[in-house]
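S.K.: Handing you this structure, nothing more for now.
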Amino acid sequence: MKYFILFGPPGAGKGTQAGDMVKRYSLCHLSTGELLRHEIALGTPLGLQAKALIDAGNLVPDSVVEGMIQQRFESASGIEGFLLDGFPRTLEQAEALDQMLAARGEKVTGVISLMIPDALVHERIAHRALIEGRADDARDEIVQNRIATYHAKTEPLIRFYHQAGLYHEIDGTGSVEQVRERVFSTMDKL
Ligand code: ADP
Ligand code: ADP
């Protein structure tokens, strides 16, 4: 099985690119953000706990997302691998992922990192706010907090995966099609 991580700041285009990636490589798309929004829509206890944190632009506890991922790994069938979108987001999550995979005799195949400058993050999230109506996209101070959280807690993963020889950075600026071509030309080699 292949285990790809789709990495990047909020609004980098991860969700946008994920659909074509999973089709081309027969992967199961696992977006922790989408899974959490689904729990919120269902009104589960986990969703209620997550909602306040997400709406404020903070991360949910590591144990919550790790549990969601572990559960999906166990129930997978008929696929070539996984595309982890928005997970891991902390060093603790990255270490937990390594342990989950080691227990299955597997390891991370590669990290596809979509990189855009902070100014473009603001632009893209403002665009998404008009279309998707997410509460965490609606207010500038929340978006600022998510960007700050990304720099403080998620960016250290770049070094972690770079040292492991797994980090592949892709220019996330330009059109959706241009980014898709860059992603495919990197993933075709992995
Ligand atoms: P992420 O999943 O990384 O948070 P999304 O895929 O939701 O990001 O993209 C954020 C917003 O930017 C969406 O409104 C999306 O339509 C738009 N978008 C994504 N990629 C591009 C691109 N290459 N050019 C212009 N807009 C884009
Ligand atoms: P974006 O790509 O725009 O940051 P996501 O859909 O990936 O949006 O995530 C939305 C929110 O869900 C995050 O701001 C965070 O509160 C929560 N979340 C998603 N994935 C994780 C994760 N791996 N760890 C902790 N919180 C997460």
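Ordered as shown in the structure tokens, chains take letters A, B, and onward, while each chain numbers its residues from 1 and ligands are numbered from 1 in the order shown.
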Counting only C-alpha atoms and all ligand atoms, which protein, DNA or RNA residues come within 8 Å of ligand 2, given as a VMD selection string?
M.R.: chain A and resid 8 to 15 31 to 34 36 to 37 50 53 to 62 64 to 66 85 to 90 93 125 136 to 137 146
S.K.: In chain A, what's helix (DSSP H, G or I) per DSSP? Answer as number ranges by chain?
M.R.: A: 14-25, 32-42, 45-55, 62-74, 91-103, 118-132, 135-138, 140-154, 156-163, 176-187
S.K.: Need the shell around region 97-104 of chain A: protein/DNA/RNA residues with any atom at most 10 Å away, counting only C-alpha atoms. Skip same-chain ones fewer than 5 positions apart. Format as a list in words?
M.R.: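 Once the adjacent positions are removed, what remains is Tyr3, Glu66, Ile69, Gln70, Phe73, Glu74, Phe87, Pro88, Leu91 and Glu92 of chain A.
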S.K.: Excluding same-chain residues fewer than 3 positions from Ala76 (chain A), what lies within 12 Å of it counting only C-alpha atoms, as an mmCIF file with N, CA and C atoms, in the first residue's frame?
M.R.:
data_model
loop_
_atom_site.group_PDB
_atom_site.id
_atom_site.type_symbol
_atom_site.label_atom_id
_atom_site.label_comp_id
_atom_site.auth_asym_id
_atom_site.auth_seq_id
_atom_site.Cartn_x
_atom_site.Cartn_y
_atom_site.Cartn_z
ATOM 1 N N MET A 1 0.839 -1.199 0.000
ATOM 2 C CA MET A 1 0.000 0.000 0.000
ATOM 3 C C MET A 1 0.876 1.253 0.000
ATOM 4 N N LEU A 27 -6.403 5.806 -4.861
ATOM 5 C CA LEU A 27 -6.183 6.000 -3.427
ATOM 6 C C LEU A 27 -7.500 6.291 -2.724
ATOM 7 N N CYS A 28 -7.519 6.072 -1.425
ATOM 8 C CA CYS A 28 -8.643 6.487 -0.587
ATOM 9 C C CYS A 28 -8.292 7.854 0.006
ATOM 10 N N HIS A 29 -9.150 8.845 -0.215
ATOM 11 C CA HIS A 29 -8.916 10.204 0.274
ATOM 12 C C HIS A 29 -9.361 10.310 1.731
ATOM 13 N N LEU A 30 -8.431 10.636 2.609
ATOM 14 C CA LEU A 30 -8.776 10.827 4.026
ATOM 15 C C LEU A 30 -8.443 12.258 4.423
ATOM 16 N N ILE A 69 -8.024 8.369 11.908
ATOM 17 C CA ILE A 69 -7.176 7.820 10.846
ATOM 18 C C ILE A 69 -6.994 6.312 11.045
ATOM 19 N N GLN A 70 -6.689 5.947 12.274
ATOM 20 C CA GLN A 70 -6.475 4.523 12.601
ATOM 21 C C GLN A 70 -7.686 3.682 12.191
ATOM 22 N N GLN A 71 -8.862 4.205 12.517
ATOM 23 C CA GLN A 71 -10.115 3.507 12.200
ATOM 24 C C GLN A 71 -10.250 3.297 10.681
ATOM 25 N N ARG A 72 -9.926 4.334 9.895
ATOM 26 C CA ARG A 72 -10.048 4.226 8.425
ATOM 27 C C ARG A 72 -9.018 3.258 7.855
ATOM 28 N N PHE A 73 -7.817 3.235 8.420
ATOM 29 C CA PHE A 73 -6.804 2.288 7.940
ATOM 30 C C PHE A 73 -7.325 0.863 8.091
ATOM 31 N N ILE A 79 -8.221 -0.740 -2.576
ATOM 32 C CA ILE A 79 -7.509 0.480 -2.980
ATOM 33 C C ILE A 79 -6.006 0.209 -3.009
ATOM 34 N N GLU A 80 -5.288 1.117 -3.667
ATOM 35 C CA GLU A 80 -3.822 0.968 -3.757
ATOM 36 C C GLU A 80 -3.117 1.664 -2.595
ATOM 37 N N GLY A 81 -3.873 2.534 -1.904
ATOM 38 C CA GLY A 81 -3.246 3.262 -0.809
ATOM 39 C C GLY A 81 -4.114 4.410 -0.331
ATOM 40 N N PHE A 82 -3.502 5.310 0.436
ATOM 41 C CA PHE A 82 -4.249 6.420 1.042
ATOM 42 C C PHE A 82 -3.630 7.762 0.663
#
S.K.: Please tabulate, as CSV, the residues of region 58-147 of chain A that come within 12 Å of region 168-174 of chain A, each with its closest pair of atoms and the distance in Å to one decimal, counting only C-alpha atoms and ordering rows by chain, then residue number upward.
M.R.:
residue,atom,partner,partner_atom,distance
A:Thr109,CA,A:His168,CA,10.9
A:Gly110,CA,A:His168,CA,7.2
A:Val111,CA,A:His168,CA,5.8
A:Ile112,CA,A:His168,CA,5.2
A:Ser113,CA,A:Glu169,CA,4.6
A:Leu114,CA,A:Gly172,CA,4.9
A:Met115,CA,A:Gly172,CA,4.9
A:Ile116,CA,A:Gly172,CA,5.3
A:Pro117,CA,A:Thr173,CA,8.5
A:Asp118,CA,A:Thr173,CA,11.4
A:Ala119,CA,A:Thr173,CA,11.3
A:Leu120,CA,A:Thr173,CA,8.2
A:Val121,CA,A:Thr173,CA,10.3
A:Glu123,CA,A:Thr173,CA,11.7
A:Arg124,CA,A:Thr173,CA,10.6
S.K.: Could you take the residues named above and write them with N, CA and C atoms, as an mmCIF file, in the first residue's frame?
M.R.:
data_model
loop_
_atom_site.group_PDB
_atom_site.id
_atom_site.type_symbol
_atom_site.label_atom_id
_atom_site.label_comp_id
_atom_site.auth_asym_id
_atom_site.auth_seq_id
_atom_site.Cartn_x
_atom_site.Cartn_y
_atom_site.Cartn_z
ATOM 1 N N THR A 109 4.964 6.867 2.042
ATOM 2 C CA THR A 109 5.552 6.784 0.697
ATOM 3 C C THR A 109 6.177 8.120 0.302
ATOM 4 N N GLY A 110 5.486 9.211 0.606
ATOM 5 C CA GLY A 110 6.008 10.519 0.258
ATOM 6 C C GLY A 110 5.067 11.620 0.706
ATOM 7 N N VAL A 111 5.637 12.799 0.888
ATOM 8 C CA VAL A 111 4.858 13.973 1.283
ATOM 9 C C VAL A 111 4.800 14.916 0.094
ATOM 10 N N ILE A 112 3.591 15.222 -0.359
ATOM 11 C CA ILE A 112 3.389 16.158 -1.462
ATOM 12 C C ILE A 112 2.968 17.470 -0.821
ATOM 13 N N SER A 113 3.849 18.454 -0.878
ATOM 14 C CA SER A 113 3.624 19.700 -0.149
ATOM 15 C C SER A 113 3.280 20.821 -1.126
ATOM 16 N N LEU A 114 2.070 21.331 -1.032
ATOM 17 C CA LEU A 114 1.644 22.444 -1.889
ATOM 18 C C LEU A 114 1.977 23.743 -1.176
ATOM 19 N N MET A 115 2.874 24.527 -1.755
ATOM 20 C CA MET A 115 3.329 25.719 -1.057
ATOM 21 C C MET A 115 2.856 26.986 -1.752
ATOM 22 N N ILE A 116 2.201 27.851 -0.960
ATOM 23 C CA ILE A 116 1.803 29.175 -1.464
ATOM 24 C C ILE A 116 2.126 30.198 -0.375
ATOM 25 N N PRO A 117 2.388 31.462 -0.757
ATOM 26 C CA PRO A 117 2.673 32.479 0.260
ATOM 27 C C PRO A 117 1.416 32.842 1.062
ATOM 28 N N ASP A 118 1.618 33.392 2.272
ATOM 29 C CA ASP A 118 0.492 33.730 3.154
ATOM 30 C C ASP A 118 -0.522 34.659 2.473
ATOM 31 N N ALA A 119 -0.031 35.593 1.651
ATOM 32 C CA ALA A 119 -0.955 36.537 0.999
ATOM 33 C C ALA A 119 -1.955 35.790 0.121
ATOM 34 N N LEU A 120 -1.473 34.742 -0.544
ATOM 35 C CA LEU A 120 -2.354 33.947 -1.408
ATOM 36 C C LEU A 120 -3.295 33.078 -0.570
ATOM 37 N N VAL A 121 -2.847 32.667 0.624
ATOM 38 C CA VAL A 121 -3.737 31.934 1.542
ATOM 39 C C VAL A 121 -4.970 32.798 1.817
ATOM 40 N N GLU A 123 -6.210 35.235 0.024
ATOM 41 C CA GLU A 123 -7.017 35.373 -1.199
ATOM 42 C C GLU A 123 -7.862 34.136 -1.445
ATOM 43 N N ARG A 124 -7.237 32.969 -1.339
ATOM 44 C CA ARG A 124 -7.955 31.727 -1.655
ATOM 45 C C ARG A 124 -9.029 31.430 -0.623
#
S.K.: Going by DSSP on the backbone, which residues of region 91-188 of chain A come out as strand (DSSP E or B)? List them as number ranges by chain.
M.R.: A: 110-115, 167-171
S.K.: For Val108 (chain A), which residue out of A:Leu42, A:Ala96, A:Ala126, A:Met21 is the nearest one, using only C-alpha atoms?
M.R.: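 For Val108 (chain A), the nearest of the given residues is A:Ala96.
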S.K.: Take CA of His38 (chain A) and CA of Ala135 (chain A) and report the distance between them in Å, one decimal.
M.R.: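 Computing the Euclidean distance for CA of His38 (chain A) and CA of Ala135 (chain A) yields 14.1 Å.
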S.K.: Out of A:Ala138, A:Ala129, A:Ala94, A:Leu84, which residue has the shortest atom-to-atom distance to Ser63 (chain A) when counting only C-alpha atoms?
M.R.: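 Nearest candidate to Ser63 (chain A) out of A:Ala138, A:Ala129, A:Ala94, A:Leu84: A:Ala94.
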S.K.: What's the separation between CA of Gly67 (chain A) and CA of Ile142 (chain A), in Å to one decimal place?
M.R.: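 Separation of CA of Gly67 (chain A) and CA of Ile142 (chain A): 25.8 Å.
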S.K.: Could you check which of A:Ala52, A:Val179, A:Met187, A:Ala41 is closest to ligand 1, using only C-alpha atoms and all ligand atoms?
M.R.: A:Val179
S.K.: Kindly give the distance, in Å, that separates CA of Glu141 (chain A) and CA of Glu39 (chain A), rounded to a single decimal.
M.R.: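 Separation between CA of Glu141 (chain A) and CA of Glu39 (chain A): 24.6 Å.
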S.K.: So that I can check the surroundings of Glu177 (chain A), please list as a PyMOL selection string every protein, DNA and RNA residue that reaches within 10 Å of it, counting only C-alpha atoms and ignoring chain neighbours fewer than 5 positions away.
M.R.: chain A and resi 17+182-183
S.K.: Can you write out the residues you just picked, keeping all heavy atoms, as a PDB file, in the first residue's frame?
M.R.:
ATOM      1  N   GLN A  17      -6.962  19.546  -5.323  1.00  0.00           N
ATOM      2  CA  GLN A  17      -6.131  18.603  -6.083  1.00  0.00           C
ATOM      3  C   GLN A  17      -6.431  17.151  -5.725  1.00  0.00           C
ATOM      4  O   GLN A  17      -6.170  16.240  -6.522  1.00  0.00           O
ATOM      5  CB  GLN A  17      -4.632  18.884  -5.819  1.00  0.00           C
ATOM      6  CG  GLN A  17      -4.161  20.257  -6.283  1.00  0.00           C
ATOM      7  CD  GLN A  17      -4.235  20.437  -7.798  1.00  0.00           C
ATOM      8  OE1 GLN A  17      -4.167  19.467  -8.573  1.00  0.00           O
ATOM      9  NE2 GLN A  17      -4.386  21.686  -8.248  1.00  0.00           N
ATOM     10  N   ARG A 182       2.176  19.528 -12.006  1.00  0.00           N
ATOM     11  CA  ARG A 182       3.378  19.447 -11.150  1.00  0.00           C
ATOM     12  C   ARG A 182       3.236  18.292 -10.156  1.00  0.00           C
ATOM     13  O   ARG A 182       4.194  17.558  -9.899  1.00  0.00           O
ATOM     14  CB  ARG A 182       3.563  20.756 -10.367  1.00  0.00           C
ATOM     15  CG  ARG A 182       3.926  21.943 -11.233  1.00  0.00           C
ATOM     16  CD  ARG A 182       4.054  23.220 -10.381  1.00  0.00           C
ATOM     17  NE  ARG A 182       3.891  24.395 -11.224  1.00  0.00           N
ATOM     18  CZ  ARG A 182       3.140  25.458 -10.920  1.00  0.00           C
ATOM     19  NH1 ARG A 182       2.516  25.524  -9.751  1.00  0.00           N
ATOM     20  NH2 ARG A 182       3.032  26.464 -11.750  1.00  0.00           N
ATOM     21  N   VAL A 183       2.027  18.157  -9.598  1.00  0.00           N
ATOM     22  CA  VAL A 183       1.788  17.089  -8.611  1.00  0.00           C
ATOM     23  C   VAL A 183       1.968  15.727  -9.286  1.00  0.00           C
ATOM     24  O   VAL A 183       2.672  14.845  -8.759  1.00  0.00           O
ATOM     25  CB  VAL A 183       0.363  17.211  -8.013  1.00  0.00           C
ATOM     26  CG1 VAL A 183       0.001  15.957  -7.224  1.00  0.00           C
ATOM     27  CG2 VAL A 183       0.255  18.444  -7.115  1.00  0.00           C
TER      28      VAL A 183
END
S.K.: Compare A:Tyr25, A:Tyr167, A:Phe4, A:Tyr150 by their minimum atom-to-atom distance to ligand 1, counting only C-alpha atoms and all ligand atoms, and give me the closest one.
M.R.: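 Smallest separation from ligand 1 among the options: A:Tyr150.
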